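Asker: One structure is given below, represented as structure tokens, and several questions about it will come after.
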Amino acid sequence: MSNGLPRFGISKRIRQLKRYRTIASAFARNGLGYIFHDIGLHEKFSLFGHGKRKGIEAKSIGERIRLILEELGPTFVKLGQIASTRPDLIPPGILSELERLQDHVPAFSYREAARIIEEELGEELGRLFLEFAEEPMAAASIGQVHRAVLKDGTVVAVKVQRPGIHARIETDLDILADVARVAESRLEWAGAYRLGSMVEELGKALRSELDYTVEARNAERFESQSKALGDVRVPKVWRDYSSRRVLTTTYMEGIKLSDKEQLIQTGIDLRVLAERFTAIILHQVLIDGFFHGDPHPGNVLAQKNGLLVMLDFGMVGRLTPEAKKHFASFVIALRNQSTRGVIRAISHMGVVPEDVNKDELHLDVDALRDKYYDVPFNQISMGEAVQDLFAVALRHRIRIPAELTLLGKTLLTMEGVVLSLDPTFSVFNVAEPFGRKLLLEQINPVQKLKSWIDEVPDYVDLVQDIPIVVKELVASMRQGRLKVEVGIPQVDSLMKRMDRISNRLSFSIVLLALSIVMVGLIISAALNHAQTLFWGIPIIEIGFVIALLMFLWLIFAILRSGRF
């Protein structure tokens with residue numbers, strides 16, 4: 001940012017400044033123009049040439065933000081939808097409004113769709129498809145879907161990206177990044193929420209959705225996983241008819257899970273459907289570690305035979321084995337009423353600020369623990385428990401990885417779908433076997449050994465780096481550049497640890513000295529071929545017993561400390 005204006009290339013400056021003015025004006029019309037006042041940009045743009053929206057003062061901040069995003073179009077709507085999956089970043093009042101964002105986007109013309117397909121695939125539309133519907137089946141922020149028929153008679157769904165959407169999104173993300181940087185430097189709340197990194201993270205997710213080859217790979221992986229499940233179908237990707245801006249998959253029919261009346265008329269058992277849908281999502285999350293990030297009713301269809309069809313893989317989640325372990329540890333600690341266990345799981349799952357108030361964090365976790373005290377599994381909402389965790393993380397500025405927050409969103413969406421199918425259904429009844437399996441994996445000695453073996457190269461690298469680190473440390477000490485900073489609240493704890501260390505060192509030295517004396521006596525007795533008695537007492541035997549007991553006590557103390 002230079003002189004309060006965004007840094008852009010000269011060739012794009014006019015178009016981007018025009019868009020910048022549009023964004024700023026939208027904020028002003030919806031009663032949030034003061035943000036541009038606070039960061040000093042109101043003089044650069046005529047924000048207040050437009051009157052405020054009627055009745056806007058009576059609306060909450062969350063409602064105003066939603067209205068702004070819908071007014072600014074596809075980029076901002078999509079960003080808002082992605083942001084709605086981040087309860088660790090967004091306050092609850094705003095989050096609930098973001099979840100209501102809808103794609104009120106008109107379809108673009110058949111001529112534009114044909115032009116994009118021909119540019120991307122290098123063939124005329126008539127040579128590629130036997131039939132191609134001019135009217136799209138659905139239109140959304142980034143693209144729209146047309147029904148078509150391949151030359152071999154296969155019916156397919158062709159998703160085409162909106163013309164110019166990539167350039168528009170890049171322009172909007174550049175503007176948002178610049179505004180975030182200025183806001184962080186001038187507004188305390190923007191710095192506390194790390195607005196710049198938030199925009200960067202959301203932008204990364206949005207750019208990923210712009211590349212349909214990524215979605216194609218996701219769909220192929222889900223298709224491979226679905227073979228092991230048996231109860232779910234995933235459309236096949238036709239690679240020869242797909243590119244970065246075009247995605248062609250097999251067309252699959254079914255009934256949306258939200259159409260409860262038609263499901264009943266078709267004779268599908270809703271409870272069985274709910275169990276099947278829950279088992280599929282939990283298997284993706286807890287077993288495969290690769291799950292659908294947006295399993296809302298529009299993305300899941302039920303066929304007459306009871307099988308489920310999953311669509312739209314632009315948003316997916318990935319869980320590493322470590323992330324799965326920490327999530328399982330959180331659930332187990334919550335059920336075991338262990339405050340320390342919950343805090344340990346939260347610490348492992350996210351980045352805890354150094355200045356976190358540990359007493360307040362303990363109080364919040366205690367409240368979370370009490371909420372689930374003695375509550376039967378079948379009465380617990382898994383999604384709500386995860387959302388409660390993220391609420392604690394947000395309050396204490398603990399940064400949770402995007403994959404885990406997307407998991408929370410997925411579980412909430414899943415529970416909403418199955419409860420609409422059967423209000424008496426309990427997700428935990430299906431989840432318990434998965435939880436037991438994860439717990440057994442954690443205590444499985446074979447898995448532990450495999451994990452340790454996998455970590456051996458890291459330890460080897462660490463040992464190899466020791467001479468370099470020591471050399472740098474010695475060089476710093478010689479140059480007087482080594483500084484040790486200790487906060488006042490840590491002094492007492494540090495002194496106690498130092499006392500304990502010095503006492504154990506003294507004890508070890510005494511034990512070593514006693515051992516040397518014992519060895520001397522043994523050697524003397526052996527050379528003189530005589531028993532070593534002192535006032536008729538067998539000194540060597542007694543000394544040996546004392547030394548052995550001291551040695552065993554020292555080993556026990558080290559092992560008990562957990563730092564062996």
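As shown in the structure tokens, the chain order sets the letters A, B, ...; within each chain, residues go from 1, and ligands are also counted from 1 in the order they appear.
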Find the residues near Ser381 (chain A): any atom within 9 Å, counting only C-alpha atoms, skip ones fewer than 6 places away on the same chain, and give them as an MDAnalysis selection string.

Answerer: chainID A and resid 412 415 426:428

Asker: Would you export the selected residues with N, CA and C atoms as a CSV table (one decimal), in the first residue's frame, please?

Answerer:
```
chain,number,residue,atom,x,y,z
A,412,LEU,N,-21.4,-31.0,11.4
A,412,LEU,CA,-22.7,-30.3,11.6
A,412,LEU,C,-23.7,-30.4,10.5
A,415,GLU,N,-25.1,-34.0,10.5
A,415,GLU,CA,-26.1,-34.1,11.5
A,415,GLU,C,-27.4,-33.5,11.2
A,426,SER,N,-29.4,-40.9,16.3
A,426,SER,CA,-28.2,-40.5,17.0
A,426,SER,C,-27.0,-40.8,16.2
A,427,VAL,N,-26.2,-39.8,15.9
A,427,VAL,CA,-25.0,-40.0,15.1
A,427,VAL,C,-24.0,-40.9,15.9
A,428,PHE,N,-24.0,-40.7,17.3
A,428,PHE,CA,-23.0,-41.4,18.1
A,428,PHE,C,-23.2,-42.9,18.1
```

Asker: Counting only C-alpha atoms, what are the residues of region 160-238 of chain A within 9 Å of region 13-32 of chain A, and for each of them which pair of atoms is the nearest and at what distance in Å, to one decimal? Sort the table by chain and rising number, as a Markdown table.

Answerer:
```
| residue | atom | partner | partner_atom | distance |
| --- | --- | --- | --- | --- |
| A:Thr171 | CA | A:Gln16 | CA | 6.4 |
| A:Asp172 | CA | A:Arg19 | CA | 7.7 |
| A:Ile175 | CA | A:Tyr20 | CA | 6.6 |
```

Asker: Could you work out how far CA of Ile398 (chain A) lies from CA of Phe313 (chain A), giving the answer in Å with one decimal?

Answerer: 28.6 Å

Asker: In region 79-148 of chain A, what's alpha helix (DSSP H) per DSSP? Answer as number ranges by chain?

Answerer: A: 79-83, 92-98, 110-121, 125-128

Asker: Hey, can you spit out that residue selection with C-alpha atoms as a short mmCIF file (atom, residue, chain, number, x, y, z; two decimals), in the first residue's frame?

Answerer:
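Here's the written file part_1.cif:
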```
data_model
loop_
_atom_site.label_atom_id
_atom_site.label_comp_id
_atom_site.auth_asym_id
_atom_site.auth_seq_id
_atom_site.Cartn_x
_atom_site.Cartn_y
_atom_site.Cartn_z
CA LEU A 79 -15.40 -16.26 0.04
CA GLY A 80 -18.22 -15.94 2.56
CA GLN A 81 -19.23 -19.56 2.04
CA ILE A 82 -15.64 -20.70 2.59
CA ALA A 83 -15.34 -18.42 5.64
CA PRO A 92 -20.59 -16.89 15.96
CA GLY A 93 -22.92 -13.95 15.13
CA ILE A 94 -21.24 -13.37 11.78
CA LEU A 95 -20.77 -17.11 11.12
CA SER A 96 -24.51 -17.82 11.33
CA GLU A 97 -25.19 -15.12 8.69
CA LEU A 98 -22.46 -16.41 6.37
CA TYR A 110 -25.10 -20.80 -24.10
CA ARG A 111 -22.82 -19.03 -26.61
CA GLU A 112 -20.33 -18.15 -23.84
CA ALA A 113 -20.43 -21.71 -22.48
CA ALA A 114 -19.78 -23.16 -25.97
CA ARG A 115 -16.89 -20.73 -26.55
CA ILE A 116 -15.18 -21.66 -23.27
CA ILE A 117 -15.57 -25.41 -23.91
CA GLU A 118 -14.15 -25.11 -27.42
CA GLU A 119 -11.20 -22.98 -26.20
CA GLU A 120 -10.41 -25.43 -23.41
CA LEU A 121 -10.88 -28.71 -25.28
CA LEU A 125 -18.90 -28.38 -29.61
CA GLY A 126 -20.67 -30.45 -32.29
CA ARG A 127 -17.65 -32.74 -32.64
CA LEU A 128 -17.32 -33.23 -28.91
#
```

Asker: Between CA of Met137 (chain A) and CA of Arg245 (chain A), measure the distance and give it in Å to one decimal.

Answerer: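 Computed distance, CA of Met137 (chain A) to CA of Arg245 (chain A), equals 17.4 Å.
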
Asker: Nearest to Ser208 (chain A) among A:Leu307, A:Val316, A:Met252, A:Val179, with distances taken over only C-alpha atoms: which residue is it?

Answerer: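 Among the listed residues, A:Val316 lies closest to Ser208 (chain A).
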
Asker: How far is it from CA of Arg221 (chain A) to CA of Thr320 (chain A), in Å with one decimal?

Answerer: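 Those two atoms sit 16.0 Å apart.
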